[in-house]
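So this block is start.cif, mmCIF, N, CA and C atoms:
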```cif
data_structure
loop_
_atom_site.group_PDB
_atom_site.id
_atom_site.type_symbol
_atom_site.label_atom_id
_atom_site.label_comp_id
_atom_site.auth_asym_id
_atom_site.auth_seq_id
_atom_site.Cartn_x
_atom_site.Cartn_y
_atom_site.Cartn_z
ATOM 1 N N MET A 1 26.861 13.389 10.296
ATOM 2 C CA MET A 1 26.490 13.585 8.923
ATOM 3 C C MET A 1 25.241 14.450 8.890
ATOM 4 N N THR A 2 25.210 15.402 8.019
ATOM 5 C CA THR A 2 24.045 16.264 7.889
ATOM 6 C C THR A 2 23.349 15.957 6.584
ATOM 7 N N ILE A 3 22.025 16.191 6.595
ATOM 8 C CA ILE A 3 21.228 15.948 5.406
ATOM 9 C C ILE A 3 20.732 17.290 4.914
ATOM 10 N N ASN A 4 21.017 17.586 3.678
ATOM 11 C CA ASN A 4 20.549 18.839 3.098
ATOM 12 C C ASN A 4 19.101 18.693 2.675
ATOM 13 N N ASN A 5 18.359 19.738 2.921
ATOM 14 C CA ASN A 5 16.955 19.742 2.537
ATOM 15 C C ASN A 5 16.878 20.067 1.050
ATOM 16 N N ILE A 6 16.376 19.144 0.273
ATOM 17 C CA ILE A 6 16.349 19.297 -1.177
ATOM 18 C C ILE A 6 15.162 20.140 -1.611
ATOM 19 N N ASN A 7 14.016 19.981 -0.973
ATOM 20 C CA ASN A 7 12.799 20.656 -1.413
ATOM 21 C C ASN A 7 12.783 22.151 -1.113
ATOM 22 N N ASN A 8 13.359 22.545 -0.002
ATOM 23 C CA ASN A 8 13.292 23.953 0.373
ATOM 24 C C ASN A 8 14.636 24.359 0.950
ATOM 25 N N ALA A 9 15.365 25.200 0.252
ATOM 26 C CA ALA A 9 16.710 25.593 0.658
ATOM 27 C C ALA A 9 16.684 26.491 1.878
ATOM 28 N N ASN A 10 15.573 27.128 2.221
ATOM 29 C CA ASN A 10 15.499 28.041 3.352
ATOM 30 C C ASN A 10 15.340 27.324 4.688
ATOM 31 N N LYS A 11 14.939 26.062 4.690
ATOM 32 C CA LYS A 11 14.754 25.318 5.932
ATOM 33 C C LYS A 11 16.110 24.888 6.473
ATOM 34 N N PRO A 12 16.261 24.795 7.805
ATOM 35 C CA PRO A 12 17.546 24.398 8.373
ATOM 36 C C PRO A 12 17.870 22.942 8.041
ATOM 37 N N GLN A 13 19.140 22.629 8.070
ATOM 38 C CA GLN A 13 19.583 21.269 7.793
ATOM 39 C C GLN A 13 19.309 20.383 9.002
ATOM 40 N N ILE A 14 19.099 19.094 8.731
ATOM 41 C CA ILE A 14 18.831 18.130 9.793
ATOM 42 C C ILE A 14 20.120 17.383 10.081
ATOM 43 N N ASP A 15 20.471 17.322 11.341
ATOM 44 C CA ASP A 15 21.684 16.611 11.750
ATOM 45 C C ASP A 15 21.333 15.135 11.924
ATOM 46 N N GLY A 16 21.899 14.280 11.139
ATOM 47 C CA GLY A 16 21.611 12.852 11.148
ATOM 48 C C GLY A 16 21.949 12.189 12.471
ATOM 49 N N GLN A 17 23.043 12.610 13.138
ATOM 50 C CA GLN A 17 23.431 12.007 14.408
ATOM 51 C C GLN A 17 22.418 12.333 15.500
ATOM 52 N N LYS A 18 21.955 13.594 15.557
ATOM 53 C CA LYS A 18 20.975 13.969 16.560
ATOM 54 C C LYS A 18 19.675 13.204 16.343
ATOM 55 N N LEU A 19 19.286 13.050 15.094
ATOM 56 C CA LEU A 19 18.079 12.310 14.778
ATOM 57 C C LEU A 19 18.210 10.857 15.237
ATOM 58 N N ALA A 20 19.352 10.252 15.011
ATOM 59 C CA ALA A 20 19.594 8.869 15.415
ATOM 60 C C ALA A 20 19.563 8.742 16.931
ATOM 61 N N GLN A 21 20.136 9.735 17.634
ATOM 62 C CA GLN A 21 20.138 9.705 19.095
ATOM 63 C C GLN A 21 18.723 9.852 19.637
ATOM 64 N N GLN A 22 17.907 10.650 18.991
ATOM 65 C CA GLN A 22 16.544 10.835 19.445
ATOM 66 C C GLN A 22 15.710 9.574 19.225
ATOM 67 N N GLN A 23 15.972 8.852 18.164
ATOM 68 C CA GLN A 23 15.204 7.655 17.854
ATOM 69 C C GLN A 23 15.673 6.447 18.651
ATOM 70 N N THR A 24 16.919 6.406 19.038
ATOM 71 C CA THR A 24 17.490 5.246 19.700
ATOM 72 C C THR A 24 16.781 4.875 20.995
ATOM 73 N N PRO A 25 16.450 5.817 21.921
ATOM 74 C CA PRO A 25 15.798 5.388 23.158
ATOM 75 C C PRO A 25 14.460 4.678 22.930
ATOM 76 N N SER A 26 13.649 5.156 22.011
ATOM 77 C CA SER A 26 12.369 4.492 21.778
ATOM 78 C C SER A 26 12.561 3.140 21.111
ATOM 79 N N GLN A 27 13.533 3.055 20.222
ATOM 80 C CA GLN A 27 13.798 1.772 19.573
ATOM 81 C C GLN A 27 14.343 0.773 20.582
ATOM 82 N N THR A 28 15.185 1.254 21.506
ATOM 83 C CA THR A 28 15.740 0.380 22.537
ATOM 84 C C THR A 28 14.624 -0.115 23.452
ATOM 85 N N ALA A 29 13.698 0.777 23.803
ATOM 86 C CA ALA A 29 12.575 0.385 24.655
ATOM 87 C C ALA A 29 11.721 -0.666 23.957
ATOM 88 N N ASN A 30 11.475 -0.488 22.660
ATOM 89 C CA ASN A 30 10.693 -1.472 21.908
ATOM 90 C C ASN A 30 11.409 -2.817 21.864
ATOM 91 N N ALA A 31 12.718 -2.794 21.675
ATOM 92 C CA ALA A 31 13.501 -4.028 21.623
ATOM 93 C C ALA A 31 13.471 -4.725 22.977
ATOM 94 N N ASN A 32 13.587 -3.944 24.078
ATOM 95 C CA ASN A 32 13.542 -4.534 25.417
ATOM 96 C C ASN A 32 12.186 -5.154 25.701
ATOM 97 N N THR A 33 11.116 -4.495 25.278
ATOM 98 C CA THR A 33 9.768 -5.027 25.474
ATOM 99 C C THR A 33 9.594 -6.335 24.712
ATOM 100 N N ALA A 34 10.053 -6.367 23.479
ATOM 101 C CA ALA A 34 9.946 -7.586 22.666
ATOM 102 C C ALA A 34 10.755 -8.714 23.280
ATOM 103 N N GLN A 35 11.948 -8.384 23.800
ATOM 104 C CA GLN A 35 12.802 -9.407 24.401
ATOM 105 C C GLN A 35 12.151 -9.951 25.673
ATOM 106 N N ALA A 36 11.561 -9.077 26.475
ATOM 107 C CA ALA A 36 10.900 -9.514 27.709
ATOM 108 C C ALA A 36 9.706 -10.410 27.387
ATOM 109 N N ALA A 37 8.945 -10.063 26.353
ATOM 110 C CA ALA A 37 7.795 -10.870 25.961
ATOM 111 C C ALA A 37 8.250 -12.253 25.495
ATOM 112 N N THR A 38 9.346 -12.297 24.761
ATOM 113 C CA THR A 38 9.880 -13.571 24.280
ATOM 114 C C THR A 38 10.332 -14.434 25.443
ATOM 115 N N GLN A 39 11.012 -13.823 26.421
ATOM 116 C CA GLN A 39 11.498 -14.580 27.574
ATOM 117 C C GLN A 39 10.342 -15.121 28.404
ATOM 118 N N SER A 40 9.292 -14.300 28.611
ATOM 119 C CA SER A 40 8.169 -14.774 29.412
ATOM 120 C C SER A 40 7.426 -15.895 28.693
ATOM 121 N N THR A 41 7.341 -15.808 27.377
ATOM 122 C CA THR A 41 6.690 -16.863 26.605
ATOM 123 C C THR A 41 7.516 -18.142 26.644
ATOM 124 N N ALA A 42 8.832 -18.005 26.554
ATOM 125 C CA ALA A 42 9.705 -19.175 26.536
ATOM 126 C C ALA A 42 9.678 -19.893 27.883
ATOM 127 N N SER A 43 9.540 -19.157 28.986
ATOM 128 C CA SER A 43 9.568 -19.796 30.294
ATOM 129 C C SER A 43 8.228 -20.437 30.654
ATOM 130 N N ARG A 44 7.161 -20.005 30.012
ATOM 131 C CA ARG A 44 5.842 -20.555 30.291
ATOM 132 C C ARG A 44 5.622 -21.814 29.456
ATOM 133 N N GLN A 45 5.082 -22.836 30.074
ATOM 134 C CA GLN A 45 4.794 -24.069 29.350
ATOM 135 C C GLN A 45 3.287 -24.241 29.259
ATOM 136 N N ASP A 46 2.802 -24.477 28.067
ATOM 137 C CA ASP A 46 1.377 -24.686 27.849
ATOM 138 C C ASP A 46 1.047 -26.155 28.028
ATOM 139 N N SER A 47 -0.154 -26.406 28.495
ATOM 140 C CA SER A 47 -0.593 -27.791 28.613
ATOM 141 C C SER A 47 -2.065 -27.870 28.251
ATOM 142 N N VAL A 48 -2.471 -29.056 27.854
ATOM 143 C CA VAL A 48 -3.852 -29.298 27.453
ATOM 144 C C VAL A 48 -4.333 -30.538 28.185
ATOM 145 N N SER A 49 -5.564 -30.467 28.695
ATOM 146 C CA SER A 49 -6.158 -31.662 29.275
ATOM 147 C C SER A 49 -7.587 -31.768 28.755
ATOM 148 N N LEU A 50 -7.974 -32.973 28.413
ATOM 149 C CA LEU A 50 -9.297 -33.223 27.863
ATOM 150 C C LEU A 50 -10.216 -33.766 28.946
ATOM 151 N N THR A 51 -11.465 -33.363 28.886
ATOM 152 C CA THR A 51 -12.441 -33.921 29.813
ATOM 153 C C THR A 51 -12.713 -35.367 29.427
ATOM 154 N N THR A 52 -13.331 -36.096 30.320
ATOM 155 C CA THR A 52 -13.627 -37.498 30.006
ATOM 156 C C THR A 52 -14.601 -37.593 28.842
ATOM 157 N N SER A 53 -15.519 -36.634 28.739
ATOM 158 C CA SER A 53 -16.457 -36.640 27.609
ATOM 159 C C SER A 53 -15.721 -36.459 26.292
ATOM 160 N N ALA A 54 -14.745 -35.563 26.277
ATOM 161 C CA ALA A 54 -13.971 -35.335 25.062
ATOM 162 C C ALA A 54 -13.143 -36.567 24.713
ATOM 163 N N GLN A 55 -12.601 -37.233 25.719
ATOM 164 C CA GLN A 55 -11.832 -38.450 25.474
ATOM 165 C C GLN A 55 -12.727 -39.552 24.905
ATOM 166 N N GLN A 56 -13.934 -39.671 25.449
ATOM 167 C CA GLN A 56 -14.878 -40.673 24.948
ATOM 168 C C GLN A 56 -15.294 -40.361 23.515
ATOM 169 N N LEU A 57 -15.509 -39.078 23.235
ATOM 170 C CA LEU A 57 -15.881 -38.678 21.882
ATOM 171 C C LEU A 57 -14.761 -39.003 20.898
ATOM 172 N N THR A 58 -13.529 -38.790 21.307
ATOM 173 C CA THR A 58 -12.385 -39.121 20.453
ATOM 174 C C THR A 58 -12.350 -40.619 20.162
ATOM 175 N N GLN A 59 -12.627 -41.429 21.176
ATOM 176 C CA GLN A 59 -12.642 -42.882 20.980
ATOM 177 C C GLN A 59 -13.746 -43.293 20.006
ATOM 178 N N VAL A 60 -14.919 -42.677 20.141
ATOM 179 C CA VAL A 60 -16.034 -42.990 19.246
ATOM 180 C C VAL A 60 -15.689 -42.598 17.811
ATOM 181 N N GLN A 61 -15.049 -41.441 17.651
ATOM 182 C CA GLN A 61 -14.657 -40.999 16.305
ATOM 183 C C GLN A 61 -13.652 -41.965 15.680
ATOM 184 N N LYS A 62 -12.708 -42.451 16.488
ATOM 185 C CA LYS A 62 -11.730 -43.413 15.971
ATOM 186 C C LYS A 62 -12.421 -44.709 15.538
ATOM 187 N N LYS A 63 -13.351 -45.173 16.372
ATOM 188 C CA LYS A 63 -14.067 -46.409 16.042
ATOM 189 C C LYS A 63 -14.910 -46.250 14.782
ATOM 190 N N SER A 64 -15.549 -45.083 14.648
ATOM 191 C CA SER A 64 -16.396 -44.881 13.473
ATOM 192 C C SER A 64 -15.559 -44.771 12.204
ATOM 193 N N ALA A 65 -14.345 -44.257 12.321
ATOM 194 C CA ALA A 65 -13.469 -44.165 11.150
ATOM 195 C C ALA A 65 -13.008 -45.551 10.700
ATOM 196 N N GLU A 66 -12.931 -46.475 11.648
ATOM 197 C CA GLU A 66 -12.484 -47.831 11.331
ATOM 198 C C GLU A 66 -13.629 -48.736 10.869
ATOM 199 N N ALA A 67 -14.870 -48.308 11.106
ATOM 200 C CA ALA A 67 -16.028 -49.141 10.772
ATOM 201 C C ALA A 67 -16.195 -49.247 9.258
ATOM 202 N N PRO A 68 -16.622 -50.421 8.800
ATOM 203 C CA PRO A 68 -16.837 -50.584 7.358
ATOM 204 C C PRO A 68 -18.066 -49.788 6.899
ATOM 205 N N VAL A 69 -18.029 -49.358 5.652
ATOM 206 C CA VAL A 69 -19.134 -48.573 5.078
ATOM 207 C C VAL A 69 -19.798 -49.407 3.986
ATOM 208 N N ASN A 70 -21.125 -49.509 4.075
ATOM 209 C CA ASN A 70 -21.899 -50.207 3.058
ATOM 210 C C ASN A 70 -22.261 -49.169 1.986
ATOM 211 N N GLN A 71 -21.407 -49.039 0.994
ATOM 212 C CA GLN A 71 -21.575 -47.997 -0.022
ATOM 213 C C GLN A 71 -22.868 -48.165 -0.809
ATOM 214 N N GLU A 72 -23.293 -49.401 -1.016
ATOM 215 C CA GLU A 72 -24.550 -49.646 -1.738
ATOM 216 C C GLU A 72 -25.734 -49.035 -0.980
ATOM 217 N N LYS A 73 -25.758 -49.230 0.329
ATOM 218 C CA LYS A 73 -26.834 -48.671 1.155
ATOM 219 C C LYS A 73 -26.769 -47.140 1.162
ATOM 220 N N VAL A 74 -25.566 -46.602 1.241
ATOM 221 C CA VAL A 74 -25.390 -45.147 1.225
ATOM 222 C C VAL A 74 -25.929 -44.564 -0.079
ATOM 223 N N ASP A 75 -25.587 -45.181 -1.185
ATOM 224 C CA ASP A 75 -26.056 -44.699 -2.493
ATOM 225 C C ASP A 75 -27.586 -44.778 -2.602
ATOM 226 N N LYS A 76 -28.155 -45.863 -2.073
ATOM 227 C CA LYS A 76 -29.607 -46.040 -2.108
ATOM 228 C C LYS A 76 -30.308 -44.939 -1.298
ATOM 229 N N LEU A 77 -29.755 -44.632 -0.113
ATOM 230 C CA LEU A 77 -30.322 -43.568 0.722
ATOM 231 C C LEU A 77 -30.183 -42.193 0.061
ATOM 232 N N LYS A 78 -29.043 -41.936 -0.548
ATOM 233 C CA LYS A 78 -28.841 -40.663 -1.244
ATOM 234 C C LYS A 78 -29.877 -40.475 -2.346
ATOM 235 N N LYS A 79 -30.126 -41.536 -3.092
ATOM 236 C CA LYS A 79 -31.095 -41.464 -4.178
ATOM 237 C C LYS A 79 -32.501 -41.225 -3.636
ATOM 238 N N ALA A 80 -32.845 -41.916 -2.554
ATOM 239 C CA ALA A 80 -34.179 -41.753 -1.959
ATOM 240 C C ALA A 80 -34.364 -40.328 -1.431
ATOM 241 N N ILE A 81 -33.351 -39.762 -0.844
ATOM 242 C CA ILE A 81 -33.431 -38.382 -0.345
ATOM 243 C C ILE A 81 -33.564 -37.405 -1.502
ATOM 244 N N ALA A 82 -32.746 -37.603 -2.535
ATOM 245 C CA ALA A 82 -32.782 -36.716 -3.699
ATOM 246 C C ALA A 82 -34.140 -36.779 -4.413
ATOM 247 N N ASP A 83 -34.747 -37.951 -4.443
ATOM 248 C CA ASP A 83 -36.040 -38.123 -5.108
ATOM 249 C C ASP A 83 -37.220 -37.714 -4.216
ATOM 250 N N GLY A 84 -36.944 -37.397 -2.939
ATOM 251 C CA GLY A 84 -38.005 -37.011 -2.007
ATOM 252 C C GLY A 84 -38.798 -38.196 -1.492
ATOM 253 N N GLU A 85 -38.258 -39.400 -1.608
ATOM 254 C CA GLU A 85 -38.956 -40.610 -1.186
ATOM 255 C C GLU A 85 -38.592 -41.055 0.231
ATOM 256 N N TYR A 86 -37.560 -40.470 0.796
ATOM 257 C CA TYR A 86 -37.105 -40.885 2.120
ATOM 258 C C TYR A 86 -37.929 -40.185 3.189
ATOM 259 N N LYS A 87 -38.602 -40.950 4.018
ATOM 260 C CA LYS A 87 -39.462 -40.417 5.074
ATOM 261 C C LYS A 87 -38.810 -40.675 6.427
ATOM 262 N N ILE A 88 -38.900 -39.693 7.302
ATOM 263 C CA ILE A 88 -38.306 -39.794 8.634
ATOM 264 C C ILE A 88 -39.417 -39.896 9.671
ATOM 265 N N ASN A 89 -39.302 -40.888 10.550
ATOM 266 C CA ASN A 89 -40.227 -41.037 11.668
ATOM 267 C C ASN A 89 -39.578 -40.351 12.873
ATOM 268 N N PRO A 90 -40.108 -39.205 13.311
ATOM 269 C CA PRO A 90 -39.454 -38.444 14.387
ATOM 270 C C PRO A 90 -39.365 -39.195 15.716
ATOM 271 N N GLU A 91 -40.344 -40.017 16.048
ATOM 272 C CA GLU A 91 -40.298 -40.768 17.303
ATOM 273 C C GLU A 91 -39.171 -41.795 17.302
ATOM 274 N N VAL A 92 -39.048 -42.507 16.200
ATOM 275 C CA VAL A 92 -37.985 -43.508 16.099
ATOM 276 C C VAL A 92 -36.611 -42.819 16.111
ATOM 277 N N LEU A 93 -36.508 -41.705 15.423
ATOM 278 C CA LEU A 93 -35.256 -40.946 15.401
ATOM 279 C C LEU A 93 -34.886 -40.485 16.812
ATOM 280 N N ALA A 94 -35.831 -39.952 17.563
ATOM 281 C CA ALA A 94 -35.574 -39.490 18.928
ATOM 282 C C ALA A 94 -35.117 -40.638 19.825
ATOM 283 N N GLN A 95 -35.748 -41.810 19.675
ATOM 284 C CA GLN A 95 -35.353 -42.975 20.469
ATOM 285 C C GLN A 95 -33.921 -43.396 20.152
ATOM 286 N N LYS A 96 -33.583 -43.375 18.867
ATOM 287 C CA LYS A 96 -32.233 -43.781 18.470
ATOM 288 C C LYS A 96 -31.179 -42.783 18.956
ATOM 289 N N ILE A 97 -31.514 -41.506 18.925
ATOM 290 C CA ILE A 97 -30.575 -40.490 19.426
ATOM 291 C C ILE A 97 -30.362 -40.671 20.932
ATOM 292 N N ALA A 98 -31.458 -40.910 21.659
ATOM 293 C CA ALA A 98 -31.362 -41.123 23.103
ATOM 294 C C ALA A 98 -30.528 -42.363 23.418
ATOM 295 N N LYS A 99 -30.719 -43.413 22.651
ATOM 296 C CA LYS A 99 -29.950 -44.649 22.860
ATOM 297 C C LYS A 99 -28.466 -44.417 22.590
ATOM 298 N N LEU A 100 -28.164 -43.698 21.528
ATOM 299 C CA LEU A 100 -26.770 -43.407 21.196
ATOM 300 C C LEU A 100 -26.106 -42.584 22.294
ATOM 301 N N GLU A 101 -26.808 -41.561 22.785
ATOM 302 C CA GLU A 101 -26.260 -40.744 23.868
ATOM 303 C C GLU A 101 -26.033 -41.585 25.116
ATOM 304 N N SER A 102 -26.936 -42.494 25.374
ATOM 305 C CA SER A 102 -26.790 -43.380 26.525
ATOM 306 C C SER A 102 -25.541 -44.247 26.387
ATOM 307 N N GLN A 103 -25.299 -44.736 25.184
ATOM 308 C CA GLN A 103 -24.110 -45.565 24.957
ATOM 309 C C GLN A 103 -22.837 -44.739 25.059
ATOM 310 N N ILE A 104 -22.868 -43.523 24.552
ATOM 311 C CA ILE A 104 -21.663 -42.689 24.566
ATOM 312 C C ILE A 104 -21.365 -42.180 25.980
ATOM 313 N N PHE A 105 -22.372 -41.638 26.649
ATOM 314 C CA PHE A 105 -22.150 -40.973 27.919
ATOM 315 C C PHE A 105 -22.531 -41.821 29.129
ATOM 316 N N GLY A 106 -23.134 -42.982 28.888
ATOM 317 C CA GLY A 106 -23.459 -43.892 29.982
ATOM 318 C C GLY A 106 -24.524 -43.375 30.919
ATOM 319 N N ASN A 107 -25.544 -42.677 30.402
ATOM 320 C CA ASN A 107 -26.577 -42.118 31.253
ATOM 321 C C ASN A 107 -27.661 -43.114 31.609
ATOM 322 N N GLY A 108 -27.713 -44.220 30.951
ATOM 323 C CA GLY A 108 -28.677 -45.278 31.241
ATOM 324 C C GLY A 108 -30.129 -44.845 31.171
ATOM 325 N N ILE A 109 -30.681 -44.874 29.981
ATOM 326 C CA ILE A 109 -32.077 -44.455 29.789
ATOM 327 C C ILE A 109 -32.986 -45.655 29.901
#
```
Write the structure described by the file as structure tokens, please.
Amino acid sequence: MTINNINNANKPQIDGQKLAQQQTPSQTANANTAQAATQSTASRQDSVSLTTSAQQLTQVQKKSAEAPVNQEKVDKLKKAIADGEYKINPEVLAQKIAKLESQIFGNGI
């Protein structure tokens, strides 16, 4: 099948079959590459392994999600923070963080 050039009658006509033959090898190569990529992906199996620290952290998160929440205390703290009345003692905070890390990671402080 030939395609007539509509815009310029002086230009030669394009042969549709030759154009298709010229495009086919590159399209076939692209299809083969895609098929090979799919096959290599399908044959490979992914796996995940967590470190012991990550496993411990997951356990702590599960426990904290199950722990009861004292909503009255939470509301009281929110109000104190919003009013600028809540004061933080950095030494006590540091001790509590160290204790928590010791409990989570077992470093024994």
As a VMD selection string, please: every residue in range 35-90 of chain A that a backbone DSSP assignment puts in alpha helix (DSSP H).
chain A and resid 35 to 43 52 to 66 71 to 83 90
Pairwise distance for atom C of Gln55 in chain A and CA of Leu93 in chain A, rounded to one decimal in Å
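Separation of atom C of Gln55 in chain A and CA of Leu93 in chain A: 24.5 Å.
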What does the distance from atom C of Gln71 in chain A to atom C of Ile88 in chain A come to in Å, to one decimal?
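Those two atoms sit 21.3 Å apart.
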Kindly indicate which residue among A:Val69, A:Ala80, A:Leu57, A:Val74 lies nearest to Leu100 in chain A, using only C-alpha atoms for the distances.
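Among the listed residues, A:Leu57 lies closest to Leu100 in chain A.
Across the model, the gap from CA of Gln59 in chain A to CA of Glu72 in chain A is 26.5 Å.
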With only N, CA and C atoms as the basis for distance, which of A:Ile97, A:Ile104, A:Val92, A:Ala82 is at the shortest distance from Val60 in chain A?
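The answer is A:Ile104, which sits nearest to Val60 in chain A.
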Let me have the centre and edge lengths in Å, one decimal, of the box along x, y and z around every listed atom of range 83-86 of chain A with 3 Å of margin on each side, as lines of an AutoDock Vina configuration file.
```
center_x = -36.9
center_y = -39.0
center_z = -1.0
size_x = 10.2
size_y = 10.0
size_z = 14.3
```
